[in-house]
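So this block is entry-v6.cif, mmCIF, C-alpha atoms:
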data_my_file
#
loop_
_atom_site.label_atom_id
_atom_site.label_comp_id
_atom_site.auth_asym_id
_atom_site.auth_seq_id
_atom_site.Cartn_x
_atom_site.Cartn_y
_atom_site.Cartn_z
CA MET A 1 -22.31 93.41 29.22
CA PRO A 2 -25.92 92.23 29.47
CA THR A 3 -26.88 88.91 27.96
CA ALA A 4 -28.89 88.71 24.78
CA GLU A 5 -31.89 87.50 26.76
CA LYS A 6 -31.69 90.45 29.13
CA THR A 7 -31.43 92.87 26.21
CA LEU A 8 -34.45 91.28 24.59
CA ASP A 9 -36.42 91.46 27.81
CA GLU A 10 -35.55 95.14 28.26
CA ILE A 11 -36.60 95.91 24.69
CA LEU A 12 -39.95 94.22 25.20
CA SER A 13 -40.52 96.16 28.42
CA LEU A 14 -39.47 99.49 26.88
CA ALA A 15 -41.65 98.96 23.83
CA ALA A 16 -44.63 98.00 25.96
CA ALA A 17 -44.23 101.03 28.20
CA HIS A 18 -43.62 103.47 25.36
CA PHE A 19 -46.56 102.37 23.25
CA LYS A 20 -48.81 101.55 26.22
CA VAL A 21 -49.30 97.90 25.37
CA PRO A 22 -49.49 95.28 28.16
CA ARG A 23 -46.06 93.67 28.49
CA GLU A 24 -47.57 90.18 28.67
CA ARG A 25 -49.04 90.64 25.19
CA LEU A 26 -45.58 90.91 23.61
CA SER A 27 -43.46 87.93 22.62
CA PRO A 28 -39.93 87.87 21.20
CA ASP A 29 -40.97 86.61 17.80
CA ASP A 30 -43.91 88.96 17.35
CA ASP A 31 -44.00 91.32 14.41
CA PHE A 32 -43.51 94.56 16.34
CA PHE A 33 -45.35 96.66 13.75
CA LYS A 34 -48.48 94.60 14.34
CA ALA A 35 -47.97 93.86 18.03
CA LEU A 36 -47.44 97.51 18.89
CA GLY A 37 -49.71 98.90 16.18
CA ILE A 38 -47.00 101.22 14.87
CA ASP A 39 -45.83 102.54 11.53
CA SER A 40 -42.35 103.38 10.29
CA LEU A 41 -42.35 106.78 11.94
CA GLN A 42 -43.14 105.30 15.33
CA THR A 43 -40.48 102.67 14.72
CA LEU A 44 -37.96 105.48 14.49
CA ASP A 45 -39.33 106.77 17.77
CA LEU A 46 -38.76 103.31 19.30
CA LEU A 47 -35.28 103.25 17.83
CA THR A 48 -34.47 106.56 19.53
CA LYS A 49 -35.73 105.22 22.84
CA LEU A 50 -33.62 102.08 22.50
CA GLU A 51 -30.51 103.99 21.44
CA ASN A 52 -30.81 106.29 24.46
CA HIS A 53 -31.52 103.40 26.84
CA PHE A 54 -28.68 101.16 25.69
CA HIS A 55 -26.29 104.04 24.82
CA VAL A 56 -25.72 102.74 21.34
CA GLU A 57 -26.18 104.09 17.85
CA LEU A 58 -28.01 101.80 15.44
CA PRO A 59 -28.24 102.99 11.83
CA ASP A 60 -31.86 102.77 10.80
CA TYR A 61 -30.96 100.93 7.58
CA GLU A 62 -30.01 97.99 9.80
CA LEU A 63 -33.74 97.71 10.51
CA GLN A 64 -34.46 96.87 6.88
CA GLY A 65 -36.33 93.61 6.84
CA VAL A 66 -36.40 93.49 10.65
CA SER A 67 -39.88 93.13 12.07
CA ASP A 68 -39.55 90.98 15.19
CA PHE A 69 -38.24 91.89 18.62
CA ARG A 70 -35.70 89.05 18.77
CA THR A 71 -33.90 90.16 15.62
CA LEU A 72 -34.06 93.78 16.76
CA ALA A 73 -32.48 92.75 20.06
CA GLY A 74 -29.72 91.00 18.17
CA LYS A 75 -28.94 94.20 16.32
CA ILE A 76 -28.76 96.13 19.59
CA GLN A 77 -26.69 93.41 21.27
CA ALA A 78 -24.16 93.59 18.44
CA ARG A 79 -23.47 97.20 19.40
CA LEU A 80 -23.02 96.72 23.14
CA MET B 81 -38.83 146.49 24.99
CA SER B 82 -42.58 146.18 25.24
CA ALA B 83 -44.35 143.27 23.63
CA VAL B 84 -45.58 143.97 20.12
CA GLU B 85 -48.64 142.12 18.98
CA VAL B 86 -47.87 141.37 15.37
CA SER B 87 -48.94 138.17 13.79
CA GLY B 88 -49.61 136.38 10.58
CA ARG B 89 -51.60 133.20 10.28
CA GLY B 90 -51.73 130.90 7.29
CA GLN B 91 -52.72 127.35 6.42
CA ALA B 92 -49.31 125.89 7.19
CA MET B 93 -47.76 128.25 9.72
CA SER B 94 -48.19 131.36 11.79
CA TYR B 95 -45.84 133.90 13.28
CA THR B 96 -46.12 136.09 16.32
CA VAL B 97 -43.86 138.53 18.07
CA ARG B 98 -43.44 138.32 21.78
CA GLU B 99 -40.95 140.47 23.66
CA GLY B 100 -38.61 141.05 20.77
CA VAL B 101 -38.70 137.46 19.48
CA LEU B 102 -40.36 136.49 16.21
CA GLU B 103 -41.75 132.98 16.62
CA LEU B 104 -42.71 130.91 13.60
CA ALA B 105 -44.97 127.96 14.41
CA LEU B 106 -45.33 125.24 11.76
CA TYR B 107 -48.53 123.19 11.74
CA ARG B 108 -49.16 121.63 8.35
CA SER B 109 -50.30 118.02 8.66
CA PRO B 110 -48.80 115.46 8.76
CA CYS B 111 -45.29 116.79 9.41
CA ASN B 112 -44.90 120.25 7.88
CA GLU B 113 -43.93 118.97 4.44
CA ILE B 114 -42.81 121.94 2.37
CA GLY B 115 -44.89 122.37 -0.75
CA SER B 116 -46.27 125.36 -2.61
CA VAL B 117 -48.53 126.58 0.22
CA SER B 118 -45.75 126.35 2.78
CA LEU B 119 -43.36 128.12 0.45
CA ASP B 120 -45.80 130.99 -0.10
CA GLU B 121 -46.15 131.38 3.64
CA LEU B 122 -42.42 131.09 4.29
CA GLU B 123 -41.94 133.95 1.85
CA SER B 124 -44.44 136.02 3.83
CA PHE B 125 -42.57 135.15 6.98
CA ALA B 126 -39.24 136.16 5.42
CA ALA B 127 -40.77 139.50 4.43
CA ALA B 128 -42.06 140.01 7.97
CA LEU B 129 -38.63 139.09 9.33
CA GLN B 130 -37.07 141.80 7.17
CA GLY B 131 -39.71 144.39 8.02
CA LEU B 132 -39.69 143.84 11.77
CA ARG B 133 -36.01 143.26 12.35
CA SER B 134 -35.27 146.63 13.93
CA GLN B 135 -37.74 145.72 16.69
CA LEU B 136 -36.45 142.19 17.28
CA HIS B 137 -33.44 140.40 18.69
CA ALA B 138 -34.21 136.75 17.91
CA VAL B 139 -36.23 134.33 15.82
CA ILE B 140 -37.50 130.91 16.88
CA ILE B 141 -38.84 128.35 14.44
CA HIS B 142 -40.72 125.38 15.90
CA SER B 143 -43.39 122.85 15.04
CA GLU B 144 -46.77 122.15 16.58
CA MET B 145 -47.09 118.80 14.80
CA LYS B 146 -46.60 115.67 16.89
CA PRO B 147 -44.50 113.68 14.38
CA GLY B 148 -41.77 116.30 14.34
CA PHE B 149 -40.27 119.55 13.17
CA CYS B 150 -40.47 118.99 9.42
CA ALA B 151 -40.23 115.93 7.20
CA GLY B 152 -38.88 117.88 4.23
CA ALA B 153 -40.23 118.62 0.79
CA ASP B 154 -43.79 117.64 -0.04
CA LEU B 155 -42.85 114.71 -2.25
CA ARG B 156 -46.44 113.85 -3.09
CA GLU B 157 -47.00 117.35 -4.48
CA LEU B 158 -43.65 117.19 -6.28
CA TYR B 159 -44.53 113.85 -7.88
CA ARG B 160 -48.07 114.86 -8.86
CA GLY B 161 -46.76 118.13 -10.31
CA SER B 162 -44.03 116.46 -12.33
CA GLN B 163 -46.47 113.86 -13.71
CA ALA B 164 -48.95 116.50 -14.79
CA MET B 165 -46.64 118.34 -17.16
CA GLU B 166 -44.00 117.93 -19.84
CA GLN B 167 -40.55 117.10 -18.53
CA ALA B 168 -39.10 120.46 -19.55
CA ASP B 169 -41.88 122.33 -17.76
CA ALA B 170 -41.46 120.15 -14.68
CA ALA B 171 -37.75 120.87 -14.64
CA ARG B 172 -38.39 124.61 -14.90
CA GLY B 173 -40.95 124.40 -12.12
CA VAL B 174 -38.54 122.55 -9.83
CA ARG B 175 -35.79 125.09 -10.49
CA ALA B 176 -38.16 127.97 -9.75
CA PHE B 177 -39.25 126.31 -6.50
CA LEU B 178 -35.66 125.75 -5.42
CA GLU B 179 -34.69 129.34 -6.17
CA ARG B 180 -37.59 130.60 -4.09
CA ILE B 181 -36.87 128.35 -1.09
CA HIS B 182 -33.20 129.30 -1.29
CA ARG B 183 -34.13 132.98 -1.09
CA VAL B 184 -36.17 132.28 2.04
CA LEU B 185 -33.47 130.20 3.72
CA ASN B 186 -30.77 132.67 2.73
CA ALA B 187 -32.85 135.43 4.36
CA ILE B 188 -33.07 133.42 7.59
CA ASP B 189 -29.41 132.44 7.40
CA SER B 190 -28.19 136.00 6.87
CA SER B 191 -30.59 137.70 9.27
CA PRO B 192 -28.80 139.93 11.78
CA LEU B 193 -31.04 138.43 14.46
CA THR B 194 -30.16 135.34 16.48
CA THR B 195 -32.12 132.50 14.91
CA ILE B 196 -33.04 129.31 16.73
CA ALA B 197 -34.65 126.11 15.47
CA ALA B 198 -36.45 124.29 18.29
CA VAL B 199 -36.82 120.77 16.92
CA HIS B 200 -38.39 117.49 17.90
CA GLY B 201 -39.16 114.22 16.13
CA VAL B 202 -38.65 113.97 12.41
CA THR B 203 -36.25 116.63 11.15
CA PHE B 204 -35.50 115.24 7.72
CA GLY B 205 -34.43 116.61 4.35
CA GLY B 206 -35.84 120.08 3.84
CA GLY B 207 -36.72 120.15 7.52
CA LEU B 208 -33.09 119.68 8.47
CA GLU B 209 -32.20 122.30 5.88
CA LEU B 210 -34.62 124.76 7.49
CA ALA B 211 -33.02 124.08 10.87
CA LEU B 212 -29.51 124.45 9.42
CA ALA B 213 -30.33 127.94 8.19
CA CYS B 214 -30.67 128.95 11.85
CA ASP B 215 -27.79 129.89 14.15
CA LEU B 216 -28.69 127.36 16.82
CA ILE B 217 -30.51 124.05 16.85
CA ILE B 218 -32.11 123.05 20.15
CA ALA B 219 -33.35 119.48 19.98
CA ASP B 220 -35.49 117.49 22.32
CA LYS B 221 -34.76 113.82 22.97
CA THR B 222 -37.18 112.64 20.31
CA ALA B 223 -35.46 114.50 17.46
CA ARG B 224 -34.00 112.52 14.59
CA PHE B 225 -32.07 114.06 11.74
CA ALA B 226 -31.54 112.76 8.22
CA PHE B 227 -30.81 113.62 4.63
CA PRO B 228 -32.73 110.82 2.92
CA GLU B 229 -32.60 112.39 -0.53
CA LEU B 230 -30.26 109.78 -2.02
CA ARG B 231 -33.00 107.21 -1.45
CA LEU B 232 -34.88 109.10 -4.16
CA GLY B 233 -31.92 109.56 -6.47
CA LEU B 234 -31.49 113.18 -5.43
CA ILE B 235 -29.29 115.29 -3.21
CA PRO B 236 -30.56 117.82 -0.67
CA GLY B 237 -31.77 120.78 -2.69
CA PHE B 238 -32.60 123.43 -0.11
CA GLY B 239 -29.00 124.27 0.76
CA GLY B 240 -28.38 121.38 3.11
CA ILE B 241 -24.97 120.26 1.91
CA PRO B 242 -23.20 123.65 2.03
CA ARG B 243 -24.79 124.49 5.37
CA LEU B 244 -24.08 121.12 6.96
CA LYS B 245 -20.48 121.34 5.74
CA ARG B 246 -20.25 124.69 7.45
CA ASP B 247 -21.22 123.20 10.81
CA VAL B 248 -19.84 119.66 11.01
CA GLY B 249 -16.94 117.60 9.70
CA ASN B 250 -16.90 116.36 6.13
CA ALA B 251 -16.93 112.74 7.29
CA VAL B 252 -20.26 113.32 9.02
CA VAL B 253 -21.68 114.93 5.89
CA ARG B 254 -20.53 111.92 3.82
CA ASP B 255 -22.05 109.51 6.35
CA LEU B 256 -25.43 111.23 6.27
CA LEU B 257 -25.55 111.75 2.54
CA LEU B 258 -24.17 108.43 1.34
CA THR B 259 -26.19 106.23 3.73
CA GLY B 260 -29.33 108.34 4.01
CA ARG B 261 -29.55 107.24 7.64
CA SER B 262 -31.08 109.14 10.52
CA PHE B 263 -29.41 109.82 13.83
CA ASN B 264 -30.72 110.96 17.20
CA SER B 265 -30.27 114.12 19.23
CA THR B 266 -27.47 112.64 21.34
CA LYS B 267 -25.40 112.10 18.21
CA ALA B 268 -26.46 115.51 16.90
CA GLN B 269 -25.03 117.16 19.98
CA GLN B 270 -21.86 115.03 19.89
CA ILE B 271 -21.05 116.22 16.38
CA GLY B 272 -21.90 119.82 17.14
CA LEU B 273 -25.09 120.01 15.12
CA ALA B 274 -27.37 120.54 18.12
CA SER B 275 -26.25 123.10 20.67
CA GLN B 276 -28.59 121.77 23.37
CA VAL B 277 -30.54 118.57 23.95
CA VAL B 278 -33.55 118.80 26.25
CA ALA B 279 -36.29 116.55 27.56
CA GLU B 280 -39.19 115.64 25.31
CA GLY B 281 -41.42 118.63 24.70
CA GLU B 282 -38.98 121.15 26.16
CA ALA B 283 -37.29 122.49 23.03
CA LEU B 284 -39.47 125.59 22.64
CA ARG B 285 -39.09 126.53 26.30
CA ALA B 286 -35.30 126.17 26.03
CA ALA B 287 -35.31 128.17 22.80
CA ARG B 288 -37.21 131.01 24.49
CA ALA B 289 -34.73 131.06 27.36
CA THR B 290 -31.85 131.12 24.86
CA ALA B 291 -33.51 133.91 22.87
CA ALA B 292 -33.97 135.93 26.06
CA GLN B 293 -30.27 135.47 26.83
CA ALA B 294 -29.32 136.60 23.31
CA GLY B 295 -31.50 139.66 23.80
CA LYS B 296 -29.28 140.97 26.59
CA PHE B 297 -26.51 141.89 24.17
CA ASP B 298 -26.13 144.95 21.96
CA ARG B 299 -27.83 144.11 18.66
CA GLN B 300 -25.27 145.74 16.43
CA THR B 301 -22.46 143.85 18.14
CA SER B 302 -24.32 140.53 17.91
CA ALA B 303 -25.05 141.14 14.23
CA ALA B 304 -21.40 141.98 13.52
CA ALA B 305 -20.20 138.89 15.36
CA LYS B 306 -22.65 136.69 13.50
CA GLN B 307 -21.71 138.08 10.11
CA PHE B 308 -18.03 137.52 10.96
CA ILE B 309 -18.35 133.90 12.03
CA LYS B 310 -21.14 132.65 9.79
CA PRO B 311 -20.29 132.92 6.11
CA ILE B 312 -23.09 132.24 3.66
CA PRO B 313 -21.75 129.81 1.00
CA TYR B 314 -23.62 131.41 -1.91
CA ASP B 315 -21.52 129.82 -4.68
CA GLU B 316 -21.99 126.31 -3.26
CA LEU B 317 -25.69 126.94 -2.66
CA ASN B 318 -26.13 127.88 -6.32
CA ARG B 319 -24.09 124.85 -7.41
CA GLU B 320 -26.34 122.62 -5.31
CA ILE B 321 -29.38 123.90 -7.22
CA GLU B 322 -27.66 123.03 -10.53
CA ILE B 323 -26.78 119.50 -9.40
CA PHE B 324 -30.28 118.91 -8.03
CA CYS B 325 -31.88 120.03 -11.29
CA GLU B 326 -29.54 117.80 -13.33
CA LEU B 327 -30.45 114.78 -11.19
CA PHE B 328 -34.18 115.50 -11.10
CA SER B 329 -34.64 114.78 -14.78
CA ARG B 330 -33.34 111.19 -14.42
CA PRO B 331 -35.81 108.27 -14.61
CA ALA B 332 -34.48 106.91 -11.29
CA VAL B 333 -35.86 109.96 -9.52
CA GLN B 334 -39.33 109.55 -10.95
CA ALA B 335 -39.22 105.88 -9.97
CA GLY B 336 -38.12 106.79 -6.44
CA LEU B 337 -40.86 109.38 -6.07
CA LYS B 338 -43.44 106.95 -7.41
CA LYS B 339 -42.36 104.30 -4.91
CA PHE B 340 -42.56 106.79 -2.03
CA VAL B 341 -45.98 108.08 -3.06
CA GLU B 342 -47.41 104.60 -3.59
CA SER B 343 -46.07 103.21 -0.32
CA THR B 344 -48.78 101.63 1.80
CA ASP B 345 -47.09 102.85 4.95
CA ALA B 346 -48.72 106.13 5.91
CA GLN B 347 -45.35 107.63 6.62
CA PRO B 348 -42.56 105.65 4.98
CA TYR B 349 -39.68 107.06 6.92
CA LEU B 350 -37.55 103.96 7.02
CA PRO B 351 -35.01 103.53 4.24
#

Is it possible to give me this structure as structure tokens?
Amino acid sequence: MPTAEKTLDEILSLAAAHFKVPRERLSPDDDFFKALGIDSLQTLDLLTKLENHFHVELPDYELQGVSDFRTLAGKIQARL
Amino acid sequence: MSAVEVSGRGQAMSYTVREGVLELALYRSPCNEIGSVSLDELESFAAALQGLRSQLHAVIIHSEMKPGFCAGADLRELYRGSQAMEQADAARGVRAFLERIHRVLNAIDSSPLTTIAAVHGVTFGGGLELALACDLIIADKTARFAFPELRLGLIPGFGGIPRLKRDVGNAVVRDLLLTGRSFNSTKAQQIGLASQVVAEGEALRAARATAAQAGKFDRQTSAAAKQFIKPIPYDELNREIEIFCELFSRPAVQAGLKKFVESTDAQPYLP
């Protein structure tokens, strides 16, 4: 099972690639809505990407109140 | 069968016939929300479906909008409409709308032709209900499915519960309804909702290949097989309309609609 840090790193890379944002501009504690310039619909798109990449299912209501990559990674890690 | 150039083009959708397949393309911005204009045009489509059926073997419904197949009912129009009239009139208007959309979806559901929904992205609420009226759902990897109606104090009103019950286990129906969550195409295929999952952007191509395959078989036999294996749950569909109309009059629904309409997020799809 990957470590939490590895999961976080993969999420940052996936998000950067998917939304065409330079990887070095993203930090774990960034608000991903602002850092990626996305809305709730695009967040669902990111969720799909992450679910397919990590082979997990993450109910979208678990994203309530989640806006930073580190917390998002924790949610994913809890399903690995 | 030679290609027949028949088409209809409206503000929200268009249909064309190519090689025995009636294709309905949805393109109302932002995500094919179903309001009065869409309903008018869906009724025209249903009439064309009936009129052309002897020349066709399949139907494909797909979206040209980037966000997805269909985000469901036009809640902004529903809210504005209900605010502009007396409660009794609003309730009558909602019932009339539901009865009309049910007639359209029942026509698609009961069509003797093989019907295919080629979906991507947001396939929520009424959008999922439109897909469920079809025989097959082909989803690309971006597709997400949800019945978010409980977030608004409602239940699906376009026939979603009886049709979903027909296709998947009751536990899945409870999960979707009672949590209002969305799930992806991988899960959709695992539970039997999606018959195929394809790469991003490939759903229409796969649907056309599937339609061509369906076209190889004797139409009368296909129609008989479909009628045998796909019951239309008319009693439950009518009961769903009654429950929806009872719930719609509650203050919680108006509050939920107001919150949705006033959201600062351009597309508040998260619960």

Worksheet item: For chain B, which residues have at least one atom within 12 Å of chain A, if we go by only C-alpha atoms? Write them as a ChimeraX atom specification, please.
Response: /B:110-111,146-148,151,200-204,220-226,228,231,255-256,258-268,270,280,343-351

Take the residues just selected and output them with C-alpha atoms as a short mmCIF file (atom, residue, chain, number, x, y, z; two decimals), in the frame of the given file.
data_model
loop_
_atom_site.label_atom_id
_atom_site.label_comp_id
_atom_site.auth_asym_id
_atom_site.auth_seq_id
_atom_site.Cartn_x
_atom_site.Cartn_y
_atom_site.Cartn_z
CA PRO B 110 -48.80 115.46 8.76
CA CYS B 111 -45.29 116.79 9.41
CA LYS B 146 -46.60 115.67 16.89
CA PRO B 147 -44.50 113.68 14.38
CA GLY B 148 -41.77 116.30 14.34
CA ALA B 151 -40.23 115.93 7.20
CA HIS B 200 -38.39 117.49 17.90
CA GLY B 201 -39.16 114.22 16.13
CA VAL B 202 -38.65 113.97 12.41
CA THR B 203 -36.25 116.63 11.15
CA PHE B 204 -35.50 115.24 7.72
CA ASP B 220 -35.49 117.49 22.32
CA LYS B 221 -34.76 113.82 22.97
CA THR B 222 -37.18 112.64 20.31
CA ALA B 223 -35.46 114.50 17.46
CA ARG B 224 -34.00 112.52 14.59
CA PHE B 225 -32.07 114.06 11.74
CA ALA B 226 -31.54 112.76 8.22
CA PRO B 228 -32.73 110.82 2.92
CA ARG B 231 -33.00 107.21 -1.45
CA ASP B 255 -22.05 109.51 6.35
CA LEU B 256 -25.43 111.23 6.27
CA LEU B 258 -24.17 108.43 1.34
CA THR B 259 -26.19 106.23 3.73
CA GLY B 260 -29.33 108.34 4.01
CA ARG B 261 -29.55 107.24 7.64
CA SER B 262 -31.08 109.14 10.52
CA PHE B 263 -29.41 109.82 13.83
CA ASN B 264 -30.72 110.96 17.20
CA SER B 265 -30.27 114.12 19.23
CA THR B 266 -27.47 112.64 21.34
CA LYS B 267 -25.40 112.10 18.21
CA ALA B 268 -26.46 115.51 16.90
CA GLN B 270 -21.86 115.03 19.89
CA GLU B 280 -39.19 115.64 25.31
CA SER B 343 -46.07 103.21 -0.32
CA THR B 344 -48.78 101.63 1.80
CA ASP B 345 -47.09 102.85 4.95
CA ALA B 346 -48.72 106.13 5.91
CA GLN B 347 -45.35 107.63 6.62
CA PRO B 348 -42.56 105.65 4.98
CA TYR B 349 -39.68 107.06 6.92
CA LEU B 350 -37.55 103.96 7.02
CA PRO B 351 -35.01 103.53 4.24
#

Item to complete: For range 232-238 of chain B, list every protein, DNA or RNA residue within 7 Å, evaluated using all atoms listed in the file, and leave out those in the same chain fewer than 4 positions away; present the list as a VMD selection string.
Response: chain B and resid 178 181 to 182 205 to 206 209 227 320 to 321 324 327 to 328 332 to 333 336 to 337

Fill in: Test item: the PyMOL selection byres ((chain B and resi 126) around 9) resolved as a VMD selection string
chain B and resid 121 to 125 127 to 131 183 to 185 187 to 188

Discussion item. I'd like to know which of A:Phe19, A:Met1, A:Phe54, A:Asp68 is closest to Gly37 in chain A, using all atoms listed in the file.
Written reply: A:Phe19

Worksheet entry | Polymer residues at most 10 Å from range 2-18 of chain A, all atoms listed in the file, same-chain spacing of 5 or more positions, as a ChimeraX atom specification | /A:23-28,32,35-36,43,45-47,49-50,53-54,69-74,76-78,80

Discussion item. Report as a list in words all protein, DNA and RNA residues lying within 10 Å of Glu282 in chain B, evaluated on only C-alpha atoms, omitting residues in the same chain fewer than 2 positions from it.
Written reply: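 The neighbour list is Ala198, Val199, His200, Ile218, Ala219, Asp220, Lys221, Val277, Val278, Ala279, Glu280, Leu284, Arg285, Ala286 and Ala287 of chain B.
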
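Atom pair CA of Gly281 in chain B / CA of Arg108 in chain B: separated by 18.3 Å.
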
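CA of Thr195 in chain B is found 10.9 Å from CA of Leu136 in chain B.
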
Discussion item. So the first atom is CA of Leu273 in chain B and the second is CA of Asp215 in chain B; what is the distance between them in Å, to one decimal place?
Written reply: 10.3 Å

Item to complete: Return the single residue from B:Gln135, B:Ser87, B:Ser94, B:Gln307 that is closest to Asp189 in chain B, with distances computed using all atoms listed in the file.
Response: B:Gln307

As JSON, please report the centre and edge lengths, rounded to one decimal in Å, of the axis-aligned box that holds all listed atoms of range 20-24 of chain A with 4 Å of padding on each of the six sides.
{"center_x": -47.8, "center_y": 95.9, "center_z": 27.0, "size_x": 11.4, "size_y": 19.4, "size_z": 11.3}
